[in-house]
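Have a look at input.json; it's JSON, C-alpha atoms:
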```
[["chain", "number", "residue", "atom", "x", "y", "z"],
["A", 54, "MET", "CA", 31.55, -75.01, 17.43],
["A", 55, "VAL", "CA", 35.04, -75.52, 16.00],
["A", 56, "ASP", "CA", 33.59, -77.38, 13.03],
["A", 57, "ILE", "CA", 31.29, -74.42, 12.32],
["A", 58, "LEU", "CA", 34.21, -71.98, 12.43],
["A", 59, "ARG", "CA", 36.21, -74.20, 10.09],
["A", 60, "ALA", "CA", 33.36, -74.83, 7.65],
["A", 61, "ARG", "CA", 33.64, -73.18, 4.24],
["A", 62, "ILE", "CA", 30.20, -71.65, 4.40],
["A", 63, "ILE", "CA", 30.84, -68.65, 2.17],
["A", 64, "GLY", "CA", 33.67, -67.52, -0.08],
["A", 65, "LEU", "CA", 34.64, -64.65, -2.33],
["A", 66, "HIS", "CA", 32.53, -65.86, -5.27],
["A", 67, "HIS", "CA", 29.46, -66.02, -3.02],
["A", 68, "PHE", "CA", 29.84, -62.35, -2.06],
["A", 69, "LEU", "CA", 30.25, -61.44, -5.73],
["A", 70, "MET", "CA", 27.07, -63.35, -6.59],
["A", 71, "LEU", "CA", 25.24, -61.53, -3.79],
["A", 72, "PHE", "CA", 26.33, -58.23, -5.34],
["A", 73, "ILE", "CA", 25.16, -59.25, -8.83],
["A", 74, "MET", "CA", 21.79, -60.38, -7.43],
["A", 75, "LEU", "CA", 21.49, -57.08, -5.59],
["A", 76, "ALA", "CA", 22.31, -54.96, -8.65],
["A", 77, "PHE", "CA", 19.75, -56.73, -10.86],
["A", 78, "SER", "CA", 17.06, -57.21, -8.20],
["A", 79, "VAL", "CA", 15.57, -53.86, -9.25],
["A", 80, "LEU", "CA", 14.19, -55.71, -12.30],
["A", 81, "PHE", "CA", 12.06, -57.80, -9.94],
["A", 82, "GLU", "CA", 11.06, -54.77, -7.83],
["A", 83, "SER", "CA", 12.98, -56.13, -4.84],
["A", 84, "VAL", "CA", 14.84, -52.85, -4.30],
["A", 85, "GLU", "CA", 14.04, -49.29, -5.25],
["A", 86, "ALA", "CA", 15.47, -47.92, -8.48],
["A", 87, "PRO", "CA", 18.14, -47.40, -9.57],
["A", 88, "GLY", "CA", 19.49, -50.88, -8.81],
["A", 89, "LEU", "CA", 22.15, -50.64, -11.51],
["A", 90, "GLY", "CA", 23.10, -47.29, -9.99],
["A", 91, "LEU", "CA", 23.85, -49.15, -6.78],
["A", 92, "GLY", "CA", 25.95, -51.58, -8.82],
["A", 93, "ALA", "CA", 27.82, -48.70, -10.47],
["A", 94, "ARG", "CA", 28.56, -47.20, -7.07],
["A", 95, "TYR", "CA", 29.79, -50.60, -5.89],
["A", 96, "MET", "CA", 32.19, -50.93, -8.83],
["A", 97, "PHE", "CA", 33.46, -47.37, -8.44],
["A", 98, "THR", "CA", 34.05, -47.93, -4.73],
["A", 99, "MET", "CA", 35.82, -51.18, -5.55],
["A", 100, "GLY", "CA", 38.11, -49.30, -7.96],
["A", 101, "VAL", "CA", 38.99, -46.72, -5.32],
["A", 102, "GLY", "CA", 39.63, -49.48, -2.80],
["A", 103, "ARG", "CA", 41.88, -51.35, -5.22],
["A", 104, "LEU", "CA", 43.84, -48.16, -5.94],
["A", 105, "LEU", "CA", 44.40, -47.55, -2.23],
["A", 106, "ARG", "CA", 45.30, -51.22, -1.80],
["A", 107, "THR", "CA", 47.97, -50.91, -4.50],
["A", 108, "ILE", "CA", 49.45, -47.94, -2.65],
["A", 109, "ALA", "CA", 49.42, -50.01, 0.54],
["A", 110, "PHE", "CA", 51.25, -52.83, -1.29],
["A", 111, "VAL", "CA", 54.29, -50.73, -2.10],
["A", 112, "SER", "CA", 54.44, -49.14, 1.36],
["A", 113, "THR", "CA", 54.24, -52.31, 3.46],
["A", 114, "ILE", "CA", 56.37, -55.47, 3.40],
["A", 115, "LEU", "CA", 55.35, -58.47, 5.50],
["A", 116, "PRO", "CA", 56.37, -62.13, 5.18],
["A", 117, "SER", "CA", 53.77, -64.69, 4.23],
["A", 118, "ALA", "CA", 51.42, -65.95, 6.92],
["A", 119, "ARG", "CA", 52.21, -69.41, 5.55],
["A", 120, "PRO", "CA", 55.91, -70.21, 6.23],
["A", 121, "TRP", "CA", 55.81, -73.16, 3.81],
["A", 122, "CYS", "CA", 54.47, -71.09, 0.90],
["A", 123, "ALA", "CA", 57.70, -70.44, -1.04],
["A", 124, "GLU", "CA", 59.04, -73.96, -0.65],
["A", 125, "SER", "CA", 55.79, -75.56, -1.79],
["A", 126, "ARG", "CA", 55.04, -73.22, -4.72],
["A", 127, "PHE", "CA", 58.40, -72.30, -6.18],
["A", 128, "LEU", "CA", 61.34, -74.51, -7.18],
["A", 129, "VAL", "CA", 64.00, -72.24, -5.72],
["A", 130, "PRO", "CA", 67.64, -73.49, -5.79],
["A", 131, "HIS", "CA", 68.90, -74.56, -2.38],
["A", 132, "HIS", "CA", 72.13, -72.57, -2.62],
["A", 133, "PRO", "CA", 72.16, -68.76, -2.25],
["A", 134, "HIS", "CA", 72.24, -66.48, -5.25],
["A", 135, "ARG", "CA", 75.71, -65.55, -6.50],
["A", 136, "TRP", "CA", 75.07, -61.94, -5.49],
["A", 137, "ALA", "CA", 74.61, -63.01, -1.87],
["A", 138, "GLN", "CA", 76.90, -66.04, -1.58],
["A", 139, "LYS", "CA", 79.80, -64.28, 0.10],
["A", 140, "PHE", "CA", 77.44, -62.73, 2.65],
["A", 141, "TYR", "CA", 75.50, -65.95, 3.26],
["A", 142, "VAL", "CA", 78.03, -68.71, 3.99],
["A", 143, "PRO", "CA", 78.81, -69.41, 6.83],
["A", 144, "TYR", "CA", 77.29, -66.33, 8.47],
["A", 145, "ALA", "CA", 73.71, -67.56, 8.11],
["A", 146, "LYS", "CA", 74.12, -70.23, 10.82],
["A", 147, "ASP", "CA", 77.27, -69.45, 12.84],
["A", 148, "SER", "CA", 76.80, -66.66, 15.39],
["A", 149, "GLN", "CA", 80.56, -66.49, 16.02],
["A", 150, "ALA", "CA", 81.13, -65.92, 12.30],
["A", 151, "ILE", "CA", 78.55, -63.10, 12.35],
["A", 152, "ARG", "CA", 80.37, -61.45, 15.26],
["A", 153, "GLN", "CA", 83.68, -61.78, 13.46],
["A", 154, "VAL", "CA", 82.47, -60.37, 10.15],
["A", 155, "ILE", "CA", 81.05, -57.37, 12.03],
["A", 156, "SER", "CA", 84.37, -56.91, 13.80],
["A", 157, "TRP", "CA", 86.45, -57.23, 10.64],
["A", 158, "ASP", "CA", 83.93, -55.36, 8.45],
["A", 159, "THR", "CA", 84.62, -57.71, 5.55],
["A", 160, "ALA", "CA", 83.25, -61.02, 4.23],
["A", 161, "TYR", "CA", 86.19, -63.32, 4.94],
["A", 162, "ALA", "CA", 84.77, -66.84, 4.50],
["A", 163, "ASP", "CA", 85.33, -69.04, 1.48],
["A", 164, "THR", "CA", 81.96, -69.54, -0.21],
["A", 165, "GLY", "CA", 83.00, -72.62, -2.15],
["A", 166, "ASP", "CA", 82.07, -73.50, -5.69],
["A", 167, "TYR", "CA", 78.45, -73.64, -6.84],
["A", 168, "LYS", "CA", 77.21, -74.92, -10.15],
["A", 169, "MET", "CA", 75.98, -72.46, -12.73],
["A", 170, "GLU", "CA", 72.30, -71.64, -12.45],
["A", 171, "PHE", "CA", 69.85, -72.26, -15.26],
["A", 172, "ARG", "CA", 69.40, -69.20, -17.46],
["A", 173, "PRO", "CA", 66.53, -69.50, -19.99],
["A", 174, "ASP", "CA", 66.20, -67.28, -23.03],
["A", 175, "TRP", "CA", 63.54, -64.77, -22.04],
["A", 176, "GLY", "CA", 64.52, -62.13, -24.56],
["A", 177, "SER", "CA", 63.88, -58.63, -23.31],
["A", 178, "MET", "CA", 62.69, -60.02, -19.97],
["A", 179, "SER", "CA", 65.97, -61.78, -19.21],
["A", 180, "PHE", "CA", 66.81, -59.20, -16.57],
["A", 181, "LEU", "CA", 64.25, -60.95, -14.32],
["A", 182, "ILE", "CA", 66.27, -64.19, -14.24],
["A", 183, "ASP", "CA", 68.46, -63.04, -11.36],
["A", 184, "PHE", "CA", 65.39, -62.09, -9.34],
["A", 185, "LEU", "CA", 63.05, -65.01, -10.10],
["A", 186, "ARG", "CA", 65.79, -67.68, -10.36],
["A", 187, "PRO", "CA", 63.81, -70.20, -12.48],
["A", 188, "THR", "CA", 64.80, -73.86, -12.67],
["A", 189, "ALA", "CA", 65.13, -76.03, -15.77],
["A", 190, "GLU", "CA", 61.82, -77.76, -14.99],
["A", 191, "GLU", "CA", 59.75, -74.60, -15.22],
["A", 192, "GLY", "CA", 61.80, -71.76, -16.72],
["A", 193, "SER", "CA", 61.58, -72.81, -20.38],
["A", 194, "SER", "CA", 57.79, -73.00, -20.53],
["A", 195, "SER", "CA", 55.35, -70.29, -21.67],
["A", 196, "TRP", "CA", 56.99, -67.26, -20.03],
["A", 197, "TYR", "CA", 57.41, -68.79, -16.62],
["A", 198, "LEU", "CA", 53.94, -70.32, -16.67],
["A", 199, "LEU", "CA", 52.40, -66.88, -16.99],
["A", 200, "LEU", "CA", 54.28, -65.87, -13.89],
["A", 201, "LYS", "CA", 53.21, -68.98, -11.99],
["A", 202, "LYS", "CA", 49.63, -68.66, -13.28],
["A", 203, "ALA", "CA", 49.31, -65.21, -11.70],
["A", 204, "GLY", "CA", 49.03, -66.78, -8.28],
["A", 205, "GLY", "CA", 51.01, -63.99, -6.68],
["A", 206, "GLY", "CA", 54.03, -64.22, -4.49],
["A", 207, "CYS", "CA", 54.53, -65.47, -0.97],
["A", 208, "ASN", "CA", 54.55, -62.12, 0.78],
["A", 209, "ASP", "CA", 51.60, -60.71, 2.67],
["A", 210, "LEU", "CA", 49.56, -57.94, 1.05],
["A", 211, "ILE", "CA", 47.92, -55.31, 3.26],
["A", 212, "TYR", "CA", 44.99, -55.06, 3.13],
["A", 213, "SER", "CA", 42.89, -58.10, 2.19],
["A", 214, "GLY", "CA", 41.15, -57.83, -1.18],
["A", 215, "HIS", "CA", 38.79, -60.69, -0.30],
["A", 216, "MET", "CA", 37.55, -58.87, 2.77],
["A", 217, "LEU", "CA", 37.20, -55.60, 0.83],
["A", 218, "VAL", "CA", 34.80, -57.32, -1.59],
["A", 219, "ALA", "CA", 32.89, -58.88, 1.30],
["A", 220, "VAL", "CA", 32.58, -55.57, 3.18],
["A", 221, "LEU", "CA", 31.38, -53.65, 0.12],
["A", 222, "THR", "CA", 28.79, -56.34, -0.58],
["A", 223, "ALA", "CA", 27.57, -56.17, 3.03],
["A", 224, "MET", "CA", 27.41, -52.36, 2.92],
["A", 225, "ALA", "CA", 25.44, -52.38, -0.36],
["A", 226, "TRP", "CA", 23.07, -55.04, 0.98],
["A", 227, "THR", "CA", 22.54, -53.07, 4.20],
["A", 228, "GLU", "CA", 21.75, -49.88, 2.27],
["A", 229, "ALA", "CA", 19.32, -51.64, -0.07],
["A", 230, "TYR", "CA", 17.52, -53.96, 2.35],
["A", 231, "GLY", "CA", 18.54, -53.51, 5.97],
["A", 232, "GLY", "CA", 16.83, -55.57, 8.65],
["A", 233, "TYR", "CA", 17.62, -59.17, 9.55],
["A", 234, "SER", "CA", 18.90, -60.13, 6.10],
["A", 235, "SER", "CA", 21.71, -57.56, 6.25],
["A", 236, "ALA", "CA", 22.58, -58.70, 9.78],
["A", 237, "PHE", "CA", 22.89, -62.24, 8.44],
["A", 238, "VAL", "CA", 25.24, -61.01, 5.66],
["A", 239, "TRP", "CA", 27.44, -59.32, 8.27],
["A", 240, "ILE", "CA", 27.55, -62.54, 10.30],
["A", 241, "LEU", "CA", 28.72, -64.37, 7.19],
["A", 242, "LEU", "CA", 31.34, -61.67, 6.68],
["A", 243, "LEU", "CA", 32.69, -62.16, 10.22],
["A", 244, "HIS", "CA", 32.79, -65.92, 9.67],
["A", 245, "SER", "CA", 34.76, -65.40, 6.47],
["A", 246, "ALA", "CA", 37.11, -62.98, 8.28],
["A", 247, "GLN", "CA", 38.03, -65.46, 11.00],
["A", 248, "ARG", "CA", 38.60, -68.15, 8.35],
["A", 249, "GLU", "CA", 41.01, -65.89, 6.47],
["A", 250, "ILE", "CA", 43.05, -65.61, 9.68],
["A", 251, "ARG", "CA", 42.69, -69.22, 10.85],
["A", 252, "GLU", "CA", 43.71, -70.65, 7.47],
["A", 253, "ARG", "CA", 46.69, -68.26, 7.27],
["A", 254, "HIS", "CA", 45.59, -66.48, 4.13],
["A", 255, "HIS", "CA", 46.08, -63.13, 5.87],
["A", 256, "TYR", "CA", 47.21, -61.66, 9.15],
["A", 257, "SER", "CA", 44.59, -60.20, 11.48],
["A", 258, "VAL", "CA", 45.78, -56.68, 10.61],
["A", 259, "ASP", "CA", 44.93, -57.29, 6.92],
["A", 260, "VAL", "CA", 41.37, -58.30, 7.76],
["A", 261, "ILE", "CA", 40.72, -55.52, 10.27],
["A", 262, "VAL", "CA", 42.13, -52.81, 8.01],
["A", 263, "ALA", "CA", 40.09, -54.14, 5.06],
["A", 264, "ILE", "CA", 36.88, -53.98, 7.11],
["A", 265, "TYR", "CA", 37.20, -50.39, 8.24],
["A", 266, "MET", "CA", 38.65, -49.27, 4.89],
["A", 267, "GLY", "CA", 35.66, -50.79, 3.07],
["A", 268, "ILE", "CA", 33.19, -49.10, 5.41],
["A", 269, "CYS", "CA", 34.96, -45.72, 5.24],
["A", 270, "ILE", "CA", 35.31, -45.73, 1.44],
["A", 271, "TRP", "CA", 31.65, -46.69, 0.98],
["A", 272, "LYS", "CA", 30.51, -43.91, 3.33],
["A", 273, "MET", "CA", 32.80, -41.31, 1.78],
["A", 274, "ILE", "CA", 31.66, -42.04, -1.79],
["A", 275, "GLY", "CA", 28.06, -42.10, -0.59],
["A", 276, "LEU", "CA", 28.38, -38.39, 0.28],
["A", 277, "PHE", "CA", 28.38, -37.45, -3.40],
["A", 278, "TRP", "CA", 26.90, -40.61, -4.99],
["A", 279, "PRO", "CA", 23.35, -41.08, -3.65],
["A", 280, "VAL", "CA", 21.79, -44.45, -4.31],
["A", 281, "LYS", "CA", 18.12, -43.54, -4.11],
["A", 282, "ASP", "CA", 16.31, -41.98, -7.04],
["A", 283, "LYS", "CA", 15.63, -38.31, -6.26],
["A", 284, "SER", "CA", 12.94, -37.87, -8.89],
["A", 285, "LYS", "CA", 10.20, -38.76, -6.39],
["A", 286, "ASP", "CA", 11.36, -36.02, -4.01],
["A", 287, "ARG", "CA", 11.44, -33.48, -6.83],
["A", 288, "ARG", "CA", 7.88, -34.35, -7.86],
["A", 289, "LEU", "CA", 6.68, -33.98, -4.27],
["A", 290, "VAL", "CA", 8.29, -30.54, -4.02],
["A", 291, "LYS", "CA", 6.63, -29.52, -7.30],
["A", 292, "LEU", "CA", 3.30, -30.85, -6.08],
["A", 293, "GLU", "CA", 3.52, -28.73, -2.94],
["A", 294, "LYS", "CA", 4.17, -25.64, -5.05],
["A", 295, "ILE", "CA", 1.10, -26.11, -7.24],
["A", 296, "HIS", "CA", -1.13, -27.46, -4.47],
["A", 297, "GLY", "CA", -3.18, -24.25, -4.25],
["A", 298, "GLY", "CA", -3.70, -23.98, -8.00],
["A", 299, "LEU", "CA", -4.57, -27.68, -8.25],
["A", 300, "THR", "CA", -7.16, -27.36, -5.49],
["A", 301, "GLN", "CA", -8.71, -24.29, -7.10],
["A", 302, "ALA", "CA", -8.82, -25.99, -10.51],
["A", 303, "ALA", "CA", -10.58, -28.97, -8.94],
["A", 304, "LYS", "CA", -13.14, -26.69, -7.30],
["A", 305, "ASP", "CA", -13.74, -24.96, -10.64],
["A", 306, "TYR", "CA", -14.16, -28.34, -12.37],
["A", 307, "ASP", "CA", -11.38, -27.27, -14.79],
["A", 308, "ILE", "CA", -10.22, -30.71, -15.92],
["A", 309, "ASP", "CA", -7.84, -29.36, -18.54],
["A", 310, "LYS", "CA", -6.02, -27.23, -15.98],
["A", 311, "VAL", "CA", -5.81, -30.15, -13.54],
["A", 312, "ARG", "CA", -4.33, -32.31, -16.30],
["A", 313, "LEU", "CA", -1.85, -29.58, -17.22],
["A", 314, "LEU", "CA", -0.71, -29.13, -13.61],
["A", 315, "LEU", "CA", -0.27, -32.88, -13.11],
["A", 316, "GLU", "CA", 1.80, -33.07, -16.30],
["A", 317, "GLU", "CA", 4.07, -30.37, -14.88],
["A", 318, "VAL", "CA", 4.56, -32.48, -11.77],
["A", 319, "GLU", "CA", 5.31, -35.59, -13.82],
["A", 320, "THR", "CA", 7.83, -33.87, -16.07],
["A", 321, "SER", "CA", 9.68, -31.98, -13.32],
["A", 322, "GLY", "CA", 13.37, -32.75, -12.91],
["A", 323, "PRO", "CA", 16.01, -34.05, -15.31],
["A", 324, "SER", "CA", 15.45, -37.64, -14.26],
["A", 325, "SER", "CA", 12.17, -37.71, -16.16],
["A", 326, "GLN", "CA", 14.01, -37.77, -19.45],
["A", 327, "LYS", "CA", 14.33, -41.51, -19.80],
["A", 328, "PRO", "CA", 16.07, -43.14, -22.74],
["A", 329, "HIS", "CA", 14.03, -45.04, -25.25],
["A", 330, "SER", "CA", 13.32, -48.58, -24.06],
["A", 331, "LYS", "CA", 14.67, -50.15, -27.27],
["A", 332, "THR", "CA", 17.93, -48.22, -26.97],
["A", 333, "LEU", "CA", 18.24, -49.26, -23.34],
["A", 334, "TRP", "CA", 17.71, -52.91, -24.18],
["A", 335, "VAL", "CA", 20.27, -52.77, -27.01],
["A", 336, "PHE", "CA", 22.84, -51.10, -24.77],
["A", 337, "SER", "CA", 22.25, -53.64, -21.99],
["A", 338, "GLY", "CA", 22.48, -56.57, -24.38],
["A", 339, "VAL", "CA", 25.71, -55.35, -25.98],
["A", 340, "THR", "CA", 27.25, -54.74, -22.55],
["A", 341, "ILE", "CA", 26.37, -58.21, -21.29],
["A", 342, "VAL", "CA", 27.55, -59.97, -24.47],
["A", 343, "PHE", "CA", 30.81, -57.99, -24.51],
["A", 344, "THR", "CA", 31.49, -58.79, -20.84],
["A", 345, "LEU", "CA", 30.81, -62.50, -21.27],
["A", 346, "ALA", "CA", 32.97, -62.57, -24.42],
["A", 347, "ILE", "CA", 35.91, -60.99, -22.59],
["A", 348, "VAL", "CA", 35.56, -63.48, -19.71],
["A", 349, "LEU", "CA", 35.40, -66.47, -22.07],
["A", 350, "LEU", "CA", 38.39, -65.22, -24.05],
["A", 351, "ALA", "CA", 40.37, -64.71, -20.85],
["A", 352, "PHE", "CA", 39.61, -68.27, -19.71],
["A", 353, "THR", "CA", 40.36, -69.72, -23.16],
["A", 354, "LEU", "CA", 43.59, -67.88, -23.89],
["A", 355, "THR", "CA", 45.05, -68.45, -20.41],
["A", 356, "SER", "CA", 43.90, -72.04, -19.90],
["A", 357, "ASP", "CA", 47.44, -73.34, -20.48],
["A", 358, "GLY", "CA", 48.87, -71.07, -17.81]]
```

Spit out the file's structure as structure tokens when you get a sec.
Amino acid sequence: MVDILRARIIGLHHFLMLFIMLAFSVLFESVEAPGLGLGARYMFTMGVGRLLRTIAFVSTILPSARPWCAESRFLVPHHPHRWAQKFYVPYAKDSQAIRQVISWDTAYADTGDYKMEFRPDWGSMSFLIDFLRPTAEEGSSSWYLLLKKAGGGCNDLIYSGHMLVAVLTAMAWTEAYGGYSSAFVWILLLHSAQREIRERHHYSVDVIVAIYMGICIWKMIGLFWPVKDKSKDRRLVKLEKIHGGLTQAAKDYDIDKVRLLLEEVETSGPSSQKPHSKTLWVFSGVTIVFTLAIVLLAFTLTSDG
């Protein structure tokens, strides 16, 4: 059982692939149209979730769930920064010294002499040196290795972005398919959630908040962004309105009138105005090529960090 909980059965890229399969499965008549409309709703919901997550970032501060993170990822000098030296030594370890500095209300200890820290030439970004404290081994490279290869810091971020993606994928799958397959996706989501906590990627609060935030955002946006195509309902309403006339025309063997009434049903509603197939294919092709080009350029231009 423990081995199953520890197993890396599903990850973030798997949930993203599930979403892409779901969005394009309308082409294979696996889900009702519009499948790309479901994908658009997914991306819009993701944008709203990311915006709320950014607001949560700046309003919450938690240490990393991995205590060894900073020491293993960043080459931080062992001595305190010059701004904090007089408040750090020896008060950081001696409780009697802490009591005395509180009593005297002044930093009395001799901090000693520390060697000058490395200060690279970062141009207009040099003001970050005192905050990032780069070392000679890494500070002179391509702008701090693209800020440590954009791997983020060592603080915890509420709420989990990985779980937000997983929850939105599960919600979209449930709305499109339902049944046992969606239940299986939710089981995979719970497995991924416990792994996020067990492997110290996030605290439990990050995962729980991400789950109910994802569900709430999806439901709220669903109030004004319906997934199902409403053209069928509009045609049924129109058919009910002309039912009497259609029946009478059939009794009178008036084929032209029957054809005219059926054309009215078919053309009812704005959704019947479909774009030309060639235009749609060109737009789809340009979108796909542009997206792939941006991804390849991003990988190529940032391959050196």

Looking at A:Cys269, A:Ile250, A:Ala123, A:Ile295, which one is nearest to A:Glu316, with distances taken over all atoms listed in the file?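 Ranking A:Cys269, A:Ile250, A:Ala123, A:Ile295 by distance to A:Glu316, first place goes to A:Ile295.
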
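With only the atoms specified (all atoms listed in the file) counting, those residues at most 10 Å away from (33.9, -58.3, 2.5) are A:Gly64, A:Leu65, A:Phe68, A:Leu69, A:Ser213, A:Gly214, A:His215, A:Met216, A:Leu217, A:Val218, A:Ala219, A:Val220, A:Leu221, A:Thr222, A:Ala223, A:Met224, A:Val238, A:Trp239, A:Leu241, A:Leu242, A:Leu243, A:Ser245, A:Ala246, A:Val260, A:Ala263, A:Ile264, A:Gly267, A:Ile268.
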
For atom CA of A:Glu319 and atom CA of A:Leu289, determine how far apart the two atoms are, in Å to one decimal place.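 Those two atoms sit 9.8 Å apart.
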
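Picture a line from atom CA of A:Ile114 to atom CA of A:Ser257; it runs 15.0 Å.
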
Report, in Å to a single decimal, how far apart atom CA of A:Leu115 and atom CA of A:Glu170 are. 28.0 Å

Residue nearest A:Leu105 - candidates A:Ala236, A:Leu345, A:Leu58, A:Ile211, atoms counted: only C-alpha atoms: A:Ile211

Which residue gives the smallest distance to A:Arg248 among A:Leu71, A:Ala229, A:Leu314, A:Ile63, with all atoms listed in the file counted? A:Ile63

Got a moment to write stretch 216-234 of chain A out with C-alpha atoms, as a PDB file, in the first residue's frame?
```pdb
ATOM      1  CA  MET A 216      -3.428  20.909  -7.914  1.00  0.00           C
ATOM      2  CA  LEU A 217      -5.360  23.732  -9.596  1.00  0.00           C
ATOM      3  CA  VAL A 218      -4.504  22.262 -13.009  1.00  0.00           C
ATOM      4  CA  ALA A 219      -5.456  18.774 -11.818  1.00  0.00           C
ATOM      5  CA  VAL A 220      -8.790  19.925 -10.370  1.00  0.00           C
ATOM      6  CA  LEU A 221      -9.775  21.866 -13.500  1.00  0.00           C
ATOM      7  CA  THR A 222      -8.926  18.855 -15.656  1.00  0.00           C
ATOM      8  CA  ALA A 223     -11.048  16.606 -13.427  1.00  0.00           C
ATOM      9  CA  MET A 224     -13.957  19.078 -13.491  1.00  0.00           C
ATOM     10  CA  ALA A 225     -13.825  19.373 -17.294  1.00  0.00           C
ATOM     11  CA  TRP A 226     -13.632  15.591 -17.671  1.00  0.00           C
ATOM     12  CA  THR A 227     -16.579  15.115 -15.307  1.00  0.00           C
ATOM     13  CA  GLU A 228     -18.695  17.624 -17.226  1.00  0.00           C
ATOM     14  CA  ALA A 229     -17.864  16.070 -20.603  1.00  0.00           C
ATOM     15  CA  TYR A 230     -17.997  12.365 -19.757  1.00  0.00           C
ATOM     16  CA  GLY A 231     -19.095  11.628 -16.199  1.00  0.00           C
ATOM     17  CA  GLY A 232     -19.482   8.029 -15.082  1.00  0.00           C
ATOM     18  CA  TYR A 233     -16.671   5.716 -14.008  1.00  0.00           C
ATOM     19  CA  SER A 234     -13.979   7.411 -16.097  1.00  0.00           C
TER      20      SER A 234
END
```
